[in-house]
2 protein chains.
Amino acid sequence: MDRPRKPTLDTVAGVVGVSRATVSNAYNRPDQLSAALRERIMQTAASLGYSGPDPVARSLATRHSAAVGFMLGQGLSASFADAALSIVLDGLASTVDGHDHCLVLIPGRDKGGPRPETVARAQADVVVAYSLPDDAPALAAVRARGLPMVVIDQPVLPDTARVEVDDFGGARLAASSLWALGHRRFGVLTFALHPDGHNGPVTPERLTSTPFRVTRDRLNGYLDVIGATTPAWECARSSRELGRAGARALLSAVPAEQRPTALLCASDELAFGALQAVRDLGLRVPADVSVIGFDDVPAAEHADPPLTTVRQPLAEKGRHAGELALRLLDGGRPGEPTRLAVSLVSRDSTAPPE
Amino acid sequence: MDRPRKPTLDTVAGVVGVSRATVSNAYNRPDQLSAALRERIMQTAASLGYSGPDPVARSLATRHSAAVGFMLGQGLSASFADAALSIVLDGLASTVDGHDHCLVLIPGRDKGGPRPETVARAQADVVVAYSLPDDAPALAAVRARGLPMVVIDQPVLPDTARVEVDDFGGARLAASSLWALGHRRFGVLTFALHPDGHNGPVTPERLTSTPFRVTRDRLNGYLDVIGATTPAWECARSSRELGRAGARALLSAVPAEQRPTALLCASDELAFGALQAVRDLGLRVPADVSVIGFDDVPAAEHADPPLTTVRQPLAEKGRHAGELALRLLDGGRPGEPTRLAVSLVSRDSTAPPE
DNA sequence: TGGACGTTCTGAAGCGCTTCAGTCACACTC
DNA sequence: GAGTGTGACTGAAGCGCTTCAGAACGTCCA
């Protein structure tokens, strides 16, 4: 199988009878040569089957690779199942895509983000990190490579751009609204405090030592309003099924007269599960139990009943991260962290306790 | 801002006092040098802040980049919302990830897959194409670059590995089961026949000229059993909302006594919408209308009622595509296309007509 | 008519790494 | 002690492109 060697810039230059630099210019700086010559070069290239400068060689020479890396806290599949993440990614893609950049997904291992070796090999000019544990080795790996980085929902790292949301305030908002409605007995449903796959009641130790800023802030926001002794349940992932199980545990742990009249959920996905759990137990939302979510993913509006939730601007978060990434790519400085506002969206899953 | 120049292989070699080749070997072929020297090199590298060979330069020299490209038929956001795609990607990731490869997502434009320019710039050694139109320019762009390719759910392309599913047979299976139950009046819900955003009744012209193999096969499978004159509705995307609208149209187009007693949906997502539409009209599933899906995404089992559907092995599809990609990477030949089996999963959304 | 200026194209020096054919020193064999 | 290995390391030739400082050749104005 002696397939003919792939043509290169040199091949084309040779055939046309110009220098390699000129062919390169034909692709990258059309204003540097006459239109006629350029045309001739392009024709020859086409007839030779040359499909443009090799991206890798180009990247080596220019020192950038037209790709933004995205480090996931979880495996690809879990990521794809996460509606909030999808929206963020979409926002990111919408800013980044116009510039002919590709998105390199760097999947996380089960525990705490991507492996450092994977990060070391990824070809990207800038990477954005999304909801990794604060101490993820991948974060260090990026810095070791000297790549610019933007983090979403994560604590300050020197020399790093950041976009975040007021999770603490949002959680307080949710809890206060329930309190104002007259609720006094609560249950809290949260996603992972530690990347160890644990499902069960939240213990103070697990809460104080969590490396996940978002989880910590939301949980603390709730507890700040409704009291630290409120029973809380930790789900290993933000999934409907785990939320359902957790909510069931919360609701059936105590006699009916002490049962929570309101469930605060750290994500909509968890809240959907909670909705289901309430039905499973033959109870009604919101008459018997109010349920409140966090994120305001599109499905929240179509849930049964439509879910009251804390809205965070997910798409904007992604878009903003994209803009920051692009700016860093241009050699810009990280600048001040951007903090986006949250708001309460009242729908039909909350009401005064009966 | 005169930040110190990043150390390179040369820097390390200079400091240790060995040749560059040796440092390279320390990283790539530990058996080529003494353990002691290797150790010394690694130490020096660490103290210099050298984080391993630059991936781009390495790719140029070795001529491969440890990344597999994945061409999407749609924008990133639509892709992330697609449960079936997510599962396929997950399967793919699970085989590919162990080899320290990254996944480069090449997002599609609205119409028919990624732009050829984007493809030309993407850094990947192999690309997998998923449910693009048969005539997508991106496909040609990959071939022009001479990259190996594996296609999922797409017709044969010379020199291309392929994994596919028996969509026609699966659709026949679904239709036959309904027929056997006694149904004689049907409605069919399909996703896009053409990438033009059209929603409405399926016309014969649109059907025969569709560039989407999957759509064509499923639809033809249904019609093969239940007759070509069955009313069918085309949704621009495989979304719950569009399915709901389409099903409503199908169910209310005719007087009640001629109303379809069964709805055949080309995807589960569409079927979920149909379930909702039936309820919207005050009818019951399956007593008044049976609904059958296609794919068997996880949510099918938890739908209300649980959805009867055609199961295709999504994860395996992705895994297989990953294995093929890896094999092509090793210079293997494409080999025979793999055809995976489908099966009918009977749940509670189908029953004999009342 | 000569110099300043533009336009168009070229030569050559990299970008940071891999790899292959050696070289060198040393041990081992008969 | 000449021949044969063998393990450890190196020199240099690329990989395919970009880019920058010119060269070459007009053109235009004073």
# chains A, B, ... in the order shown; residues from 1 in each chain; ligands from 1
>>> closest_atom_pairs(of="chain D", to="chain A", cutoff="12 Å", atoms="only C-alpha atoms (C1' of nucleotides)", output="Markdown table")
| residue | atom | partner | partner_atom | distance |
| --- | --- | --- | --- | --- |
| D:DC15 | C1' | A:Ala57 | CA | 7.8 |
| D:DG16 | C1' | A:Ala57 | CA | 5.0 |
| D:DC17 | C1' | A:Arg58 | CA | 5.0 |
| D:DT18 | C1' | A:Ala61 | CA | 5.5 |
| D:DT19 | C1' | A:Ala21 | CA | 8.6 |
| D:DC20 | C1' | A:Ala21 | CA | 11.1 |
>>> select_by_dssp(residues="stretch 39-185 of chain B", states="strand (DSSP E)", output="ChimeraX atom specification")
/B:67-71,102-106,126-130,149-152,161-165
>>> atom_distance(atom1="atom CA of A:Leu173", atom2="atom CA of A:Leu223")
11.6 Å
>>> residues_around(residues="B:Asp166", least_positions_apart="6", cutoff="7 Å", atoms="only C-alpha atoms (C1' of nucleotides)", output="PyMOL selection string")
chain B and resi 339-342
>>> write_last_selection(atoms="C-alpha atoms", output="PDB file, in the first residue's frame")
ATOM      1  CA  ARG B 339     -24.341  -4.110  12.511  1.00  0.00           C
ATOM      2  CA  LEU B 340     -25.861  -4.143  15.965  1.00  0.00           C
ATOM      3  CA  ALA B 341     -29.150  -5.777  16.762  1.00  0.00           C
ATOM      4  CA  VAL B 342     -32.261  -4.064  18.009  1.00  0.00           C
TER       5      VAL B 342
END
>>> residues_around(residues="stretch 76-81 of chain B", least_positions_apart="5", cutoff="6 Å", atoms="only C-alpha atoms (C1' of nucleotides)", output="PyMOL selection string")
(chain A and resi 80+86+90) or (chain B and resi 107)
>>> write_last_selection(atoms="N, CA and C atoms", output="compact mmCIF listing (two decimals), in the first residue's frame")
# COMPACT_ATOMS: atom_id res chain seq x y z
N PHE A 80 -22.91 14.72 30.03
CA PHE A 80 -23.91 14.91 29.00
C PHE A 80 -25.31 14.82 29.58
N SER A 86 -24.98 21.43 30.25
CA SER A 86 -25.20 21.54 28.82
C SER A 86 -25.45 22.99 28.41
N ASP A 90 -23.22 25.27 26.08
CA ASP A 90 -23.79 25.87 24.90
C ASP A 90 -23.45 27.36 24.84
N PRO B 107 -18.54 21.07 16.44
CA PRO B 107 -19.97 21.36 16.42
C PRO B 107 -20.49 21.59 15.02
>>> interface_residues(of="chain C", to="chain A", cutoff="12 Å", atoms="only C-alpha atoms (C1' of nucleotides)", output="list in words")
DG6, DT7, DT8, DC9, DT10, DG11, DA12, DA13, DG14, DC15, DG16 and DC17 of chain C
>>> write_last_selection(atoms="N, CA and C atoms (P, O5', C5', C4', C3', O3' and C1' of nucleotides)", output="tab-separated table (two decimals), in the first residue's frame")
chain	number	residue	atom	x	y	z
C	6	DG	P	4.43	54.53	1.17
C	6	DG	O5'	3.68	53.57	0.17
C	6	DG	C5'	4.36	53.23	-1.04
C	6	DG	C4'	3.43	52.45	-1.91
C	6	DG	C3'	2.79	51.25	-1.21
C	6	DG	O3'	1.60	50.90	-1.90
C	6	DG	C1'	4.59	50.56	-2.64
C	7	DT	P	0.69	49.69	-1.43
C	7	DT	O5'	1.22	48.51	-2.35
C	7	DT	C5'	1.18	48.65	-3.77
C	7	DT	C4'	1.84	47.46	-4.38
C	7	DT	C3'	1.35	46.12	-3.84
C	7	DT	O3'	0.91	45.35	-4.95
C	7	DT	C1'	3.71	46.20	-3.90
C	8	DT	P	0.22	43.92	-4.72
C	8	DT	O5'	1.47	42.96	-4.93
C	8	DT	C5'	2.13	42.94	-6.19
C	8	DT	C4'	3.31	42.01	-6.09
C	8	DT	C3'	2.96	40.63	-5.52
C	8	DT	O3'	3.41	39.68	-6.46
C	8	DT	C1'	4.88	41.53	-4.47
C	9	DC	P	3.00	38.15	-6.28
C	9	DC	O5'	4.34	37.61	-5.62
C	9	DC	C5'	5.51	37.52	-6.43
C	9	DC	C4'	6.73	37.37	-5.55
C	9	DC	C3'	6.86	36.03	-4.82
C	9	DC	O3'	7.95	35.32	-5.38
C	9	DC	C1'	7.52	37.88	-3.48
C	10	DT	P	8.27	33.88	-4.87
C	10	DT	O5'	9.54	34.23	-3.98
C	10	DT	C5'	10.67	34.83	-4.58
C	10	DT	C4'	11.78	34.91	-3.54
C	10	DT	C3'	12.13	33.58	-2.88
C	10	DT	O3'	13.54	33.51	-2.83
C	10	DT	C1'	11.63	35.17	-1.23
C	11	DG	P	14.22	32.10	-2.83
C	11	DG	O5'	15.30	32.33	-1.67
C	11	DG	C5'	15.48	33.66	-1.16
C	11	DG	C4'	16.41	33.62	0.02
C	11	DG	C3'	16.90	32.24	0.48
C	11	DG	O3'	18.16	32.45	1.11
C	11	DG	C1'	15.36	33.12	2.09
C	12	DA	P	18.95	31.28	1.77
C	12	DA	O5'	18.49	31.44	3.29
C	12	DA	C5'	18.46	32.75	3.87
C	12	DA	C4'	18.05	32.61	5.32
C	12	DA	C3'	18.46	31.30	5.97
C	12	DA	O3'	18.65	31.57	7.33
C	12	DA	C1'	16.17	31.47	6.08
C	13	DA	P	19.54	30.65	8.25
C	13	DA	O5'	19.00	31.09	9.68
C	13	DA	C5'	18.56	32.44	9.86
C	13	DA	C4'	17.40	32.44	10.83
C	13	DA	C3'	17.55	31.41	11.96
C	13	DA	O3'	17.06	31.98	13.15
C	13	DA	C1'	15.54	31.03	10.82
C	14	DG	P	17.32	31.26	14.53
C	14	DG	O5'	16.82	29.78	14.14
C	14	DG	C5'	15.99	29.08	15.03
C	14	DG	C4'	14.64	29.77	15.17
C	14	DG	C3'	13.72	28.93	16.02
C	14	DG	O3'	13.04	29.74	16.94
C	14	DG	C1'	12.82	29.15	13.83
C	15	DC	P	12.83	29.20	18.41
C	15	DC	O5'	11.41	28.50	18.35
C	15	DC	C5'	10.21	29.23	18.14
C	15	DC	C4'	9.09	28.23	18.03
C	15	DC	C3'	9.33	26.96	18.85
C	15	DC	O3'	8.66	27.11	20.10
C	15	DC	C1'	8.52	26.48	16.62
C	16	DG	P	9.50	26.94	21.45
C	16	DG	O5'	9.44	25.38	21.72
C	16	DG	C5'	8.18	24.74	21.79
C	16	DG	C4'	8.37	23.26	21.59
C	16	DG	C3'	9.45	22.64	22.48
C	16	DG	O3'	8.85	21.56	23.16
C	16	DG	C1'	9.74	21.98	20.23
C	17	DC	P	9.66	20.53	24.02
C	17	DC	O5'	9.76	19.30	23.03
C	17	DC	C5'	8.58	18.56	22.80
C	17	DC	C4'	8.69	17.76	21.54
C	17	DC	C3'	9.45	16.45	21.67
C	17	DC	O3'	8.51	15.40	21.87
C	17	DC	C1'	9.91	17.59	19.61
>>> residues_around(residues="B:Asp304", least_positions_apart="6", cutoff="10 Å", atoms="only C-alpha atoms (C1' of nucleotides)", output="ChimeraX atom specification")
/B:272,275-276,285,348-349
>>> residues_around(residues="stretch 313-320 of chain A", least_positions_apart="3", cutoff="6 Å", atoms="only C-alpha atoms (C1' of nucleotides)", output="NGL selection string")
:A and (87-89 or 91-92 or 95 or 323)
>>> write_last_selection(atoms="N, CA and C atoms", output="short mmCIF file (atom, residue, chain, number, x, y, z; two decimals), in the first residue's frame")
data_model
loop_
_atom_site.label_atom_id
_atom_site.label_comp_id
_atom_site.auth_asym_id
_atom_site.auth_seq_id
_atom_site.Cartn_x
_atom_site.Cartn_y
_atom_site.Cartn_z
N ILE A 87 -26.22 23.67 29.24
CA ILE A 87 -26.53 25.05 28.89
C ILE A 87 -25.28 25.92 28.99
N VAL A 88 -24.51 25.68 30.02
CA VAL A 88 -23.27 26.44 30.17
C VAL A 88 -22.37 26.20 28.95
N LEU A 89 -22.24 24.95 28.59
CA LEU A 89 -21.40 24.60 27.45
C LEU A 89 -21.92 25.24 26.17
N GLY A 91 -23.60 28.03 25.96
CA GLY A 91 -23.25 29.45 26.01
C GLY A 91 -21.79 29.64 25.63
N LEU A 92 -20.96 28.82 26.20
CA LEU A 92 -19.54 28.88 25.90
C LEU A 92 -19.31 28.68 24.41
N THR A 95 -19.97 31.65 22.01
CA THR A 95 -19.00 32.73 21.85
C THR A 95 -17.75 32.22 21.15
N GLU A 323 -16.05 34.47 26.66
CA GLU A 323 -15.44 35.78 26.39
C GLU A 323 -14.14 35.95 27.15
#
>>> select_by_dssp(residues="stretch 18-244 of chain B", states="helix (DSSP H, G or I)", output="MDAnalysis selection string")
chainID B and resid 20:28 30:32 35:48 55:62 76:80 83:99 116:121 137:145 167:181 204:208 213:226 240:244
